[in-house]
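Shown here: data-v5.csv, CSV, C-alpha atoms and all ligand atoms.
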chain,number,residue,atom,x,y,z
Y,1,MET,CA,35.8,24.1,-16.5
Y,2,GLU,CA,38.0,25.4,-19.4
Y,3,ARG,CA,36.7,27.4,-22.4
Y,4,MET,CA,36.7,25.2,-25.5
Y,5,ASP,CA,38.8,26.2,-28.6
Y,6,GLY,CA,37.4,26.4,-32.1
Y,7,ASP,CA,38.3,22.8,-33.1
Y,8,ALA,CA,36.6,21.4,-30.0
Y,9,ILE,CA,33.5,23.5,-30.6
Y,10,ASP,CA,33.2,22.4,-34.2
Y,11,ARG,CA,33.6,18.7,-33.2
Y,12,GLU,CA,30.9,19.0,-30.5
Y,13,LEU,CA,28.6,21.0,-32.8
Y,14,ALA,CA,28.8,18.2,-35.4
Y,15,THR,CA,27.2,15.8,-32.9
Y,16,THR,CA,24.7,18.3,-31.4
Y,17,PRO,CA,22.0,18.6,-34.1
Y,18,GLY,CA,20.0,21.8,-34.5
Y,19,TRP,CA,22.4,24.1,-32.7
Y,20,GLU,CA,24.5,26.8,-34.3
Y,21,LEU,CA,27.5,28.8,-33.3
Y,22,ALA,CA,26.8,32.5,-32.7
Y,23,GLU,CA,29.8,34.5,-31.3
Y,24,ASP,CA,30.8,32.7,-28.1
Y,25,ALA,CA,27.5,30.8,-27.7
Y,26,ILE,CA,25.4,28.1,-29.2
Y,27,VAL,CA,21.8,28.9,-30.3
Y,28,LYS,CA,18.8,26.8,-31.2
Y,29,THR,CA,15.2,28.0,-32.1
Y,30,VAL,CA,12.3,25.6,-31.7
Y,31,ARG,CA,8.8,26.3,-33.1
Y,32,PHE,CA,5.6,25.0,-31.5
Y,33,ALA,CA,1.9,25.0,-32.3
Y,34,ASP,CA,1.2,28.0,-30.1
Y,35,PHE,CA,2.3,30.0,-27.0
Y,36,ARG,CA,1.0,27.4,-24.5
Y,37,GLU,CA,3.1,24.6,-26.2
Y,38,ALA,CA,6.1,26.9,-26.2
Y,39,MET,CA,5.7,27.7,-22.5
Y,40,ALA,CA,5.4,24.0,-21.7
Y,41,PHE,CA,8.7,23.4,-23.4
Y,42,VAL,CA,10.4,26.2,-21.6
Y,43,ASN,CA,9.3,24.7,-18.3
Y,44,ARG,CA,10.8,21.4,-19.3
Y,45,VAL,CA,14.0,23.2,-20.2
Y,46,ALA,CA,13.9,24.8,-16.8
Y,47,GLU,CA,13.8,21.4,-15.0
Y,48,VAL,CA,16.8,20.2,-17.0
Y,49,ALA,CA,18.7,23.4,-16.4
Y,50,GLU,CA,18.1,23.2,-12.6
Y,51,GLU,CA,19.2,19.5,-12.6
Y,52,LEU,CA,22.4,20.4,-14.4
Y,53,ASN,CA,22.8,23.7,-12.7
Y,54,HIS,CA,23.5,25.2,-16.1
Y,55,HIS,CA,21.1,27.6,-17.6
Y,56,PRO,CA,20.3,28.9,-21.1
Y,57,ASP,CA,19.2,32.4,-22.0
Y,58,ILE,CA,15.6,31.9,-23.3
Y,59,THR,CA,13.6,34.1,-25.7
Y,60,ILE,CA,10.0,33.3,-26.3
Y,61,ARG,CA,8.2,34.9,-29.3
Y,62,TRP,CA,4.7,33.6,-29.4
Y,63,ASN,CA,5.3,30.0,-30.6
Y,64,LYS,CA,9.0,30.2,-31.1
Y,65,VAL,CA,11.6,29.6,-28.4
Y,66,THR,CA,15.2,30.6,-28.9
Y,67,LEU,CA,17.8,29.1,-26.5
Y,68,THR,CA,21.2,30.7,-26.3
Y,69,GLN,CA,23.9,29.0,-24.3
Y,70,SER,CA,27.4,29.8,-23.0
Y,71,THR,CA,29.1,29.3,-19.7
Y,72,HIS,CA,29.0,32.7,-18.0
Y,73,VAL,CA,31.8,31.9,-15.4
Y,74,ALA,CA,34.1,30.8,-18.3
Y,75,GLY,CA,33.2,33.7,-20.6
Y,76,GLY,CA,32.5,31.3,-23.5
Y,77,LEU,CA,31.6,27.8,-24.5
Y,78,THR,CA,32.4,24.8,-22.3
Y,79,GLU,CA,31.4,21.1,-22.2
Y,80,TYR,CA,28.5,22.1,-19.9
Y,81,ASP,CA,26.9,24.0,-22.8
Y,82,PHE,CA,26.9,21.0,-25.0
Y,83,ARG,CA,25.8,18.6,-22.2
Y,84,LEU,CA,22.7,20.9,-21.7
Y,85,ALA,CA,22.1,21.2,-25.4
Y,86,ARG,CA,22.0,17.4,-25.8
Y,87,ARG,CA,19.6,17.0,-22.9
Y,88,ILE,CA,17.4,19.7,-24.5
Y,89,ASN,CA,17.5,17.9,-27.8
Y,90,GLU,CA,16.0,14.9,-26.0
Y,91,LEU,CA,13.0,16.9,-24.7
Y,101,LIG,C1,26.4,29.3,-8.6
Y,101,LIG,C2,25.9,28.5,-9.9
Y,101,LIG,O1,26.5,27.3,-9.9
Y,101,LIG,C3,26.4,29.2,-11.1
Y,101,LIG,O2,25.9,30.6,-11.1
Y,101,LIG,C4,26.0,28.5,-12.4
Y,101,LIG,C5,24.5,28.6,-12.6
Y,101,LIG,N1,24.1,28.4,-14.0
Y,101,LIG,C6,25.0,28.7,-15.0
Y,101,LIG,N2,24.6,28.7,-16.3
Y,101,LIG,C7,25.4,29.1,-17.3
Y,101,LIG,N3,25.0,29.1,-18.6
Y,101,LIG,N4,26.7,29.5,-17.0
Y,101,LIG,C8,27.2,29.6,-15.8
Y,101,LIG,O3,28.3,30.0,-15.6
Y,101,LIG,C9,26.3,29.1,-14.7
Y,101,LIG,N5,26.7,29.1,-13.4
Step by step, read the file and then write its structure as C-alpha cells.
Ligand SMILES: C[C@H](O)[C@H](O)[C@H]1CNC2=NC(N)=NC(=O)C2=N1
Amino acid sequence: MERMDGDAIDRELATTPGWELAEDAIVKTVRFADFREAMAFVNRVAEVAEELNHHPDITIRWNKVTLTQSTHVAGGLTEYDFRLARRINEL
C-alpha cells in the first residue's frame, strides 16, 4: 500500500469526522464518563483493529482515549488508516 500525498490526505480527512492530521498520522481523542467506559471503548477498538489487521496507537488518560494512526510499514498515512478511522467512528 502506497503512502498518501497531502491532497489525498486532505480529501480523506474531509470525510472522516473528528480526526486531525498530526505529522504523518491522524489523531482523535474521545472522552467518556469514566475509566471503565474508556476501557470498554478501547476493547471495541481492539476488535476492529484485529479484524482489519491495522492497529492504532492508544493513549488512555482516565476517561479520555487518544487514538493515533499511521501505517508503520509505509512510514506514513495510507488508505488503511482512514478505513480503520471510519470503522472507529461507527463504534
Ligand atoms: C504483520 C502484520 O500484518 C503487520 O505488522 C500489520 C499489523 N498492524 C499494523 N498496524 C499499523 N498501524 N501499521 C502497520 O503497518 C501494521 N502492520
Thr59 in chain Y proximity check over Y:Ala14, Y:Ile9, Y:Ala74, Y:Ala38, using all atoms listed in the file: winner is Y:Ala38
Could you report the residues within 6 Å of ligand LIG 101 (chain Y), using all atoms listed in the file, as a compact mmCIF listing (two decimals) with C-alpha atoms, in the frame of the given file?
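Final output, saved to part-v2.txt:
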# COMPACT_ATOMS: atom_id res chain seq x y z
CA ASN Y 53 22.80 23.70 -12.70
CA HIS Y 54 23.50 25.20 -16.10
CA HIS Y 55 21.10 27.60 -17.60
CA PRO Y 56 20.30 28.90 -21.10
CA GLN Y 69 23.90 29.00 -24.30
CA SER Y 70 27.40 29.80 -23.00
CA THR Y 71 29.10 29.30 -19.70
CA HIS Y 72 29.00 32.70 -18.00
CA VAL Y 73 31.80 31.90 -15.40
For range 17-26 of chain Y, find every residue with an atom within 9 Å (counting only C-alpha atoms), except residues of its own chain fewer than 3 positions away, and show them as an mmCIF file with C-alpha atoms, keeping the file's coordinate frame.
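As a result, around-v6.cif now contains:
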data_model
loop_
_atom_site.group_PDB
_atom_site.id
_atom_site.type_symbol
_atom_site.label_atom_id
_atom_site.label_comp_id
_atom_site.auth_asym_id
_atom_site.auth_seq_id
_atom_site.Cartn_x
_atom_site.Cartn_y
_atom_site.Cartn_z
ATOM 1 C CA ILE Y 9 33.500 23.500 -30.600
ATOM 2 C CA ASP Y 10 33.200 22.400 -34.200
ATOM 3 C CA LEU Y 13 28.600 21.000 -32.800
ATOM 4 C CA ALA Y 14 28.800 18.200 -35.400
ATOM 5 C CA THR Y 29 15.200 28.000 -32.100
ATOM 6 C CA LEU Y 67 17.800 29.100 -26.500
ATOM 7 C CA THR Y 68 21.200 30.700 -26.300
ATOM 8 C CA GLN Y 69 23.900 29.000 -24.300
ATOM 9 C CA SER Y 70 27.400 29.800 -23.000
ATOM 10 C CA THR Y 71 29.100 29.300 -19.700
ATOM 11 C CA GLY Y 75 33.200 33.700 -20.600
ATOM 12 C CA GLY Y 76 32.500 31.300 -23.500
ATOM 13 C CA LEU Y 77 31.600 27.800 -24.500
ATOM 14 C CA ASP Y 81 26.900 24.000 -22.800
ATOM 15 C CA PHE Y 82 26.900 21.000 -25.000
ATOM 16 C CA ALA Y 85 22.100 21.200 -25.400
ATOM 17 C CA ARG Y 86 22.000 17.400 -25.800
ATOM 18 C CA ASN Y 89 17.500 17.900 -27.800
#
Within 12 Å of Val65 in chain Y, counting all atoms listed in the file, which residues show up once you throw out same-chain ones fewer than 5 positions away? Write them as number ranges by chain, please.
Y: 27-43, 45, 56-60
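Picture a line from CA of Met1 in chain Y to CA of Glu90 in chain Y; it runs 23.8 Å.
When only C-alpha atoms are used to compute distances to Met4 in chain Y, the closest of the residues Y:Thr66, Y:Glu79, Y:Leu52, Y:Glu47 turns out to be Y:Glu79.
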CA of Asp5 in chain Y sits from CA of Ala46 in chain Y at a separation of 27.6 Å
